[in-house]
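Structure record follows, encoded as structure tokens.
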Amino acid sequence: MTRIAIVIGSTRPGRVGDTVARWVHEIASKRTDAEFDVVDLRDIKLPLLDEQAPPSFGQYANDHTREWSTLVDSYDGFVFVTPEYNHSTSGALKNAIDYLYSEWNNKAAAFVGYGSAGGSRAIEHLRGIMAEVQVATVRNQVMLSLFTDFENFTTFTPQPVQVDAVGPMLDQLIAWSDALQPLRDKTKARSATV
């Protein structure tokens with residue numbers, strides 16, 4: 001069955017991303033066409049990129065990198081829950097993506113952003129980053145406004161339209177994750193013969 005990770009892209013104290021990710025997970029868990037897990041970067045505890053070799057080499061010197069590699073490799077697609085910090089995504093999420101390369105290849109990603117502009121600028125930056133690691137991004141996304149989807153900018157109270165946006169986003173993500181499976185299989189078969 002298709003496996004999707006819902007990645008909490010913030011490690012900041014007082015973050016709201018964990019609440020948002022669990023909300024997405026609650027909606028997603030009602031589906032029967034994929035399995036969903038929440039992956040919290042705070043639990044992964046990756047330091048700033050500390051591998052000497054480029055990620056495309058796949059030569060990891062550190063246990064934390066090998067563990068992160070195994071975890072990311074086990075998923076077919078991702079929902080990145082991202083805050084918007086200074087017109088972009090969080091440093092923690094960018095760092096986590098930068099650690100790996102082939103583990104991301106030929107998978108699909110969707111985005112749930114939050115911030116004063118709904119996380120739209122963070123999502124746009126992530127689309128470019130994902131393209132570089134060969135991840136296909138789906139068009140549908142969820143953009144949560146600090147002004148209308150959070151009470152006092154901290155308590156998550158999503159508008160009904162936001163709930164309705166999650167399903168179509170997941171429909172696309174699962175379809176693309178499934179469609180890319182033959183490419184992942186072909187790449188793994190090729191790697192096994194090298």
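Residue numbers start at 1 in each chain; chains themselves are named A, B, ... in the order of the structure tokens; ligands are numbered from 1 in the order shown.
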
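For A:Gly17, the residues within 8 Å (counting only C-alpha atoms, excluding itself and residues fewer than 4 positions away along the chain) are A:Ile8, A:Gly9, A:Ser10, A:Ala21, A:Val81, A:Thr82, A:Pro83.
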
Polymer residues at most 7 Å from stretch 1-7 of chain A, only C-alpha atoms, same-chain spacing of 6 or more positions, as a VMD selection string
chain A and resid 21 34 to 40 75 to 81 178

Residues from last step as file, N, CA, C and O atoms, as a PDB file, in the first residue's frame:
```
ATOM      1  N   ALA A  21      -0.283  19.354  11.400  1.00  0.00           N
ATOM      2  CA  ALA A  21       0.048  18.031  10.854  1.00  0.00           C
ATOM      3  C   ALA A  21      -0.883  16.960  11.411  1.00  0.00           C
ATOM      4  O   ALA A  21      -1.327  16.069  10.670  1.00  0.00           O
ATOM      5  N   ALA A  34      -4.263   4.645   1.177  1.00  0.00           N
ATOM      6  CA  ALA A  34      -2.856   4.857   1.544  1.00  0.00           C
ATOM      7  C   ALA A  34      -2.728   4.772   3.059  1.00  0.00           C
ATOM      8  O   ALA A  34      -3.722   4.858   3.792  1.00  0.00           O
ATOM      9  N   GLU A  35      -1.489   4.595   3.502  1.00  0.00           N
ATOM     10  CA  GLU A  35      -1.162   4.647   4.933  1.00  0.00           C
ATOM     11  C   GLU A  35      -0.466   5.971   5.202  1.00  0.00           C
ATOM     12  O   GLU A  35       0.354   6.422   4.392  1.00  0.00           O
ATOM     13  N   PHE A  36      -0.751   6.575   6.337  1.00  0.00           N
ATOM     14  CA  PHE A  36      -0.219   7.891   6.667  1.00  0.00           C
ATOM     15  C   PHE A  36       0.457   7.870   8.034  1.00  0.00           C
ATOM     16  O   PHE A  36      -0.087   7.319   8.983  1.00  0.00           O
ATOM     17  N   ASP A  37       1.638   8.470   8.105  1.00  0.00           N
ATOM     18  CA  ASP A  37       2.367   8.636   9.360  1.00  0.00           C
ATOM     19  C   ASP A  37       2.747  10.100   9.511  1.00  0.00           C
ATOM     20  O   ASP A  37       3.005  10.784   8.517  1.00  0.00           O
ATOM     21  N   VAL A  38       2.826  10.548  10.759  1.00  0.00           N
ATOM     22  CA  VAL A  38       3.361  11.876  11.033  1.00  0.00           C
ATOM     23  C   VAL A  38       4.844  11.723  11.344  1.00  0.00           C
ATOM     24  O   VAL A  38       5.237  10.885  12.169  1.00  0.00           O
ATOM     25  N   VAL A  39       5.668  12.492  10.654  1.00  0.00           N
ATOM     26  CA  VAL A  39       7.117  12.501  10.878  1.00  0.00           C
ATOM     27  C   VAL A  39       7.481  13.882  11.410  1.00  0.00           C
ATOM     28  O   VAL A  39       7.283  14.885  10.722  1.00  0.00           O
ATOM     29  N   ASP A  40       7.998  13.916  12.629  1.00  0.00           N
ATOM     30  CA  ASP A  40       8.315  15.179  13.293  1.00  0.00           C
ATOM     31  C   ASP A  40       9.820  15.419  13.234  1.00  0.00           C
ATOM     32  O   ASP A  40      10.600  14.657  13.820  1.00  0.00           O
ATOM     33  N   TYR A  75       8.989   5.793   2.326  1.00  0.00           N
ATOM     34  CA  TYR A  75       7.742   6.446   1.922  1.00  0.00           C
ATOM     35  C   TYR A  75       7.682   6.647   0.411  1.00  0.00           C
ATOM     36  O   TYR A  75       8.699   6.800  -0.254  1.00  0.00           O
ATOM     37  N   ASP A  76       6.438   6.670  -0.085  1.00  0.00           N
ATOM     38  CA  ASP A  76       6.177   6.887  -1.509  1.00  0.00           C
ATOM     39  C   ASP A  76       5.842   8.335  -1.822  1.00  0.00           C
ATOM     40  O   ASP A  76       5.938   8.767  -2.972  1.00  0.00           O
ATOM     41  N   GLY A  77       5.413   9.082  -0.810  1.00  0.00           N
ATOM     42  CA  GLY A  77       5.029  10.467  -1.001  1.00  0.00           C
ATOM     43  C   GLY A  77       5.056  11.208   0.322  1.00  0.00           C
ATOM     44  O   GLY A  77       5.165  10.594   1.385  1.00  0.00           O
ATOM     45  N   PHE A  78       4.926  12.527   0.231  1.00  0.00           N
ATOM     46  CA  PHE A  78       5.078  13.383   1.408  1.00  0.00           C
ATOM     47  C   PHE A  78       4.075  14.529   1.376  1.00  0.00           C
ATOM     48  O   PHE A  78       3.816  15.105   0.317  1.00  0.00           O
ATOM     49  N   VAL A  79       3.555  14.849   2.545  1.00  0.00           N
ATOM     50  CA  VAL A  79       2.841  16.103   2.754  1.00  0.00           C
ATOM     51  C   VAL A  79       3.750  16.923   3.652  1.00  0.00           C
ATOM     52  O   VAL A  79       4.011  16.541   4.795  1.00  0.00           O
ATOM     53  N   PHE A  80       4.276  18.008   3.130  1.00  0.00           N
ATOM     54  CA  PHE A  80       5.133  18.883   3.927  1.00  0.00           C
ATOM     55  C   PHE A  80       4.270  19.973   4.554  1.00  0.00           C
ATOM     56  O   PHE A  80       3.639  20.753   3.840  1.00  0.00           O
ATOM     57  N   VAL A  81       4.249  19.989   5.883  1.00  0.00           N
ATOM     58  CA  VAL A  81       3.537  21.027   6.626  1.00  0.00           C
ATOM     59  C   VAL A  81       4.577  22.075   6.975  1.00  0.00           C
ATOM     60  O   VAL A  81       5.480  21.830   7.778  1.00  0.00           O
ATOM     61  N   ASP A 178       1.470   6.785  -6.692  1.00  0.00           N
ATOM     62  CA  ASP A 178       1.243   5.483  -7.332  1.00  0.00           C
ATOM     63  C   ASP A 178       1.786   5.472  -8.764  1.00  0.00           C
ATOM     64  O   ASP A 178       2.403   4.501  -9.193  1.00  0.00           O
TER      65      ASP A 178
END
```

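Minimum distance to A:Val135 across A:Ala109, A:Val166, A:Val72, A:Leu49 (counting only C-alpha atoms) occurs at A:Ala109.
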
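Restricting the calculation to only C-alpha atoms, the smallest distance between A:Lys30 and any of A:Leu170, A:Ala192, A:Ala179, A:Leu93 is found for A:Leu170.
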
Give the alpha helix (DSSP H) residues of chain A, as DSSP finds them on the backbone, and put them as a PyMOL selection string.
chain A and resi 17-28+41-44+63-73+91-98+120-132+160-179+181-193

Emit the selected residues as a PDB file, in the first residue's frame, including C-alpha atoms.
```pdb
ATOM      1  CA  GLY A  17       2.900  22.937  12.831  1.00  0.00           C
ATOM      2  CA  ASP A  18       2.421  19.859  14.973  1.00  0.00           C
ATOM      3  CA  THR A  19      -1.260  20.709  15.482  1.00  0.00           C
ATOM      4  CA  VAL A  20      -1.703  21.310  11.756  1.00  0.00           C
ATOM      5  CA  ALA A  21       0.048  18.031  10.854  1.00  0.00           C
ATOM      6  CA  ARG A  22      -2.104  16.039  13.266  1.00  0.00           C
ATOM      7  CA  TRP A  23      -5.212  17.665  11.758  1.00  0.00           C
ATOM      8  CA  VAL A  24      -4.090  16.560   8.270  1.00  0.00           C
ATOM      9  CA  HIS A  25      -3.364  13.089   9.661  1.00  0.00           C
ATOM     10  CA  GLU A  26      -6.807  12.856  11.241  1.00  0.00           C
ATOM     11  CA  ILE A  27      -8.463  13.658   7.899  1.00  0.00           C
ATOM     12  CA  ALA A  28      -6.101  11.386   5.949  1.00  0.00           C
ATOM     13  CA  LEU A  41      11.662  16.769  12.433  1.00  0.00           C
ATOM     14  CA  ARG A  42      12.013  17.661  16.107  1.00  0.00           C
ATOM     15  CA  ASP A  43      12.275  13.909  16.861  1.00  0.00           C
ATOM     16  CA  ILE A  44      14.787  13.310  14.049  1.00  0.00           C
ATOM     17  CA  ASP A  63      24.208   7.320  12.017  1.00  0.00           C
ATOM     18  CA  HIS A  64      21.631  10.148  12.063  1.00  0.00           C
ATOM     19  CA  THR A  65      21.935  10.460   8.284  1.00  0.00           C
ATOM     20  CA  ARG A  66      21.591   6.714   7.723  1.00  0.00           C
ATOM     21  CA  GLU A  67      18.493   6.633   9.966  1.00  0.00           C
ATOM     22  CA  TRP A  68      16.954   9.598   8.149  1.00  0.00           C
ATOM     23  CA  SER A  69      17.785   7.929   4.813  1.00  0.00           C
ATOM     24  CA  THR A  70      16.018   4.711   5.816  1.00  0.00           C
ATOM     25  CA  LEU A  71      12.958   6.614   7.037  1.00  0.00           C
ATOM     26  CA  VAL A  72      12.581   8.799   3.927  1.00  0.00           C
ATOM     27  CA  ASP A  73      13.258   5.838   1.624  1.00  0.00           C
ATOM     28  CA  GLY A  91      15.698  26.181   7.969  1.00  0.00           C
ATOM     29  CA  ALA A  92      15.008  22.869   9.708  1.00  0.00           C
ATOM     30  CA  LEU A  93      12.954  21.559   6.790  1.00  0.00           C
ATOM     31  CA  LYS A  94      15.423  22.774   4.167  1.00  0.00           C
ATOM     32  CA  ASN A  95      18.261  21.160   6.122  1.00  0.00           C
ATOM     33  CA  ALA A  96      16.383  17.837   6.354  1.00  0.00           C
ATOM     34  CA  ILE A  97      15.754  17.821   2.608  1.00  0.00           C
ATOM     35  CA  ASP A  98      19.372  18.715   1.835  1.00  0.00           C
ATOM     36  CA  SER A 120       2.267  30.473  -0.099  1.00  0.00           C
ATOM     37  CA  ARG A 121       5.814  31.802  -0.479  1.00  0.00           C
ATOM     38  CA  ALA A 122       7.246  28.923   1.562  1.00  0.00           C
ATOM     39  CA  ILE A 123       5.379  26.488  -0.663  1.00  0.00           C
ATOM     40  CA  GLU A 124       6.693  28.144  -3.816  1.00  0.00           C
ATOM     41  CA  HIS A 125      10.267  27.817  -2.559  1.00  0.00           C
ATOM     42  CA  LEU A 126       9.675  24.186  -1.649  1.00  0.00           C
ATOM     43  CA  ARG A 127       8.427  23.429  -5.156  1.00  0.00           C
ATOM     44  CA  GLY A 128      11.803  24.476  -6.585  1.00  0.00           C
ATOM     45  CA  ILE A 129      13.716  22.539  -3.945  1.00  0.00           C
ATOM     46  CA  MET A 130      11.641  19.415  -4.569  1.00  0.00           C
ATOM     47  CA  ALA A 131      12.217  19.652  -8.329  1.00  0.00           C
ATOM     48  CA  GLU A 132      15.969  19.575  -7.715  1.00  0.00           C
ATOM     49  CA  PRO A 160     -14.539  24.610   6.726  1.00  0.00           C
ATOM     50  CA  VAL A 161     -13.108  25.432   3.292  1.00  0.00           C
ATOM     51  CA  GLN A 162      -9.705  24.286   4.555  1.00  0.00           C
ATOM     52  CA  VAL A 163     -11.077  20.904   5.602  1.00  0.00           C
ATOM     53  CA  ASP A 164     -12.561  20.543   2.117  1.00  0.00           C
ATOM     54  CA  ALA A 165      -9.180  21.339   0.511  1.00  0.00           C
ATOM     55  CA  VAL A 166      -7.323  18.436   2.139  1.00  0.00           C
ATOM     56  CA  GLY A 167      -9.141  15.639   0.270  1.00  0.00           C
ATOM     57  CA  PRO A 168      -8.396  16.822  -3.294  1.00  0.00           C
ATOM     58  CA  MET A 169      -4.771  17.470  -2.314  1.00  0.00           C
ATOM     59  CA  LEU A 170      -4.442  13.907  -1.003  1.00  0.00           C
ATOM     60  CA  ASP A 171      -6.232  12.529  -4.096  1.00  0.00           C
ATOM     61  CA  GLN A 172      -3.555  14.069  -6.313  1.00  0.00           C
ATOM     62  CA  LEU A 173      -0.696  13.074  -4.018  1.00  0.00           C
ATOM     63  CA  ILE A 174      -1.718   9.426  -3.868  1.00  0.00           C
ATOM     64  CA  ALA A 175      -2.369   9.256  -7.628  1.00  0.00           C
ATOM     65  CA  TRP A 176       1.059  10.724  -8.399  1.00  0.00           C
ATOM     66  CA  SER A 177       2.814   8.575  -5.785  1.00  0.00           C
ATOM     67  CA  ASP A 178       1.243   5.483  -7.332  1.00  0.00           C
ATOM     68  CA  ALA A 179       2.002   6.613 -10.886  1.00  0.00           C
ATOM     69  CA  GLN A 181       6.038   3.599  -8.492  1.00  0.00           C
ATOM     70  CA  PRO A 182       7.310   2.001 -11.751  1.00  0.00           C
ATOM     71  CA  LEU A 183      10.101   4.593 -11.917  1.00  0.00           C
ATOM     72  CA  ARG A 184      11.101   3.863  -8.318  1.00  0.00           C
ATOM     73  CA  ASP A 185      11.061   0.131  -9.024  1.00  0.00           C
ATOM     74  CA  LYS A 186      13.141   0.568 -12.186  1.00  0.00           C
ATOM     75  CA  THR A 187      15.697   2.727 -10.370  1.00  0.00           C
ATOM     76  CA  LYS A 188      16.026   0.221  -7.503  1.00  0.00           C
ATOM     77  CA  ALA A 189      16.430  -2.662  -9.955  1.00  0.00           C
ATOM     78  CA  ARG A 190      19.138  -0.741 -11.806  1.00  0.00           C
ATOM     79  CA  SER A 191      20.939   0.063  -8.540  1.00  0.00           C
ATOM     80  CA  ALA A 192      20.864  -3.601  -7.514  1.00  0.00           C
ATOM     81  CA  THR A 193      22.714  -4.631 -10.686  1.00  0.00           C
TER      82      THR A 193
END
```

Straight-line distance linking atom CA of A:Thr89 with atom CA of A:Tyr114, stated in Å to one decimal:
10.0 Å

Write down as an mmCIF file with C-alpha atoms, in the first residue's frame the residues belonging to stretch 19-98 of chain A that are assigned strand (DSSP E) by DSSP computed on the backbone.
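Result file result31.cif:
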```cif
data_model
loop_
_atom_site.group_PDB
_atom_site.id
_atom_site.type_symbol
_atom_site.label_atom_id
_atom_site.label_comp_id
_atom_site.auth_asym_id
_atom_site.auth_seq_id
_atom_site.Cartn_x
_atom_site.Cartn_y
_atom_site.Cartn_z
ATOM 1 C CA GLU A 35 -1.162 4.647 4.933
ATOM 2 C CA PHE A 36 -0.219 7.891 6.667
ATOM 3 C CA ASP A 37 2.367 8.636 9.360
ATOM 4 C CA VAL A 38 3.361 11.876 11.033
ATOM 5 C CA VAL A 39 7.117 12.501 10.878
ATOM 6 C CA ASP A 40 8.315 15.179 13.293
ATOM 7 C CA GLY A 77 5.029 10.467 -1.001
ATOM 8 C CA PHE A 78 5.078 13.383 1.408
ATOM 9 C CA VAL A 79 2.841 16.103 2.754
ATOM 10 C CA PHE A 80 5.133 18.883 3.927
ATOM 11 C CA VAL A 81 3.537 21.027 6.626
ATOM 12 C CA THR A 82 5.530 24.229 6.446
ATOM 13 C CA PRO A 83 5.531 27.533 8.240
#
```

From atom CA of A:Thr154 to atom CA of A:Arg15 the spacing works out at 8.3 Å

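Note that the spacing between atom CA of A:Met143 and atom CA of A:Gly113 amounts to 4.9 Å.
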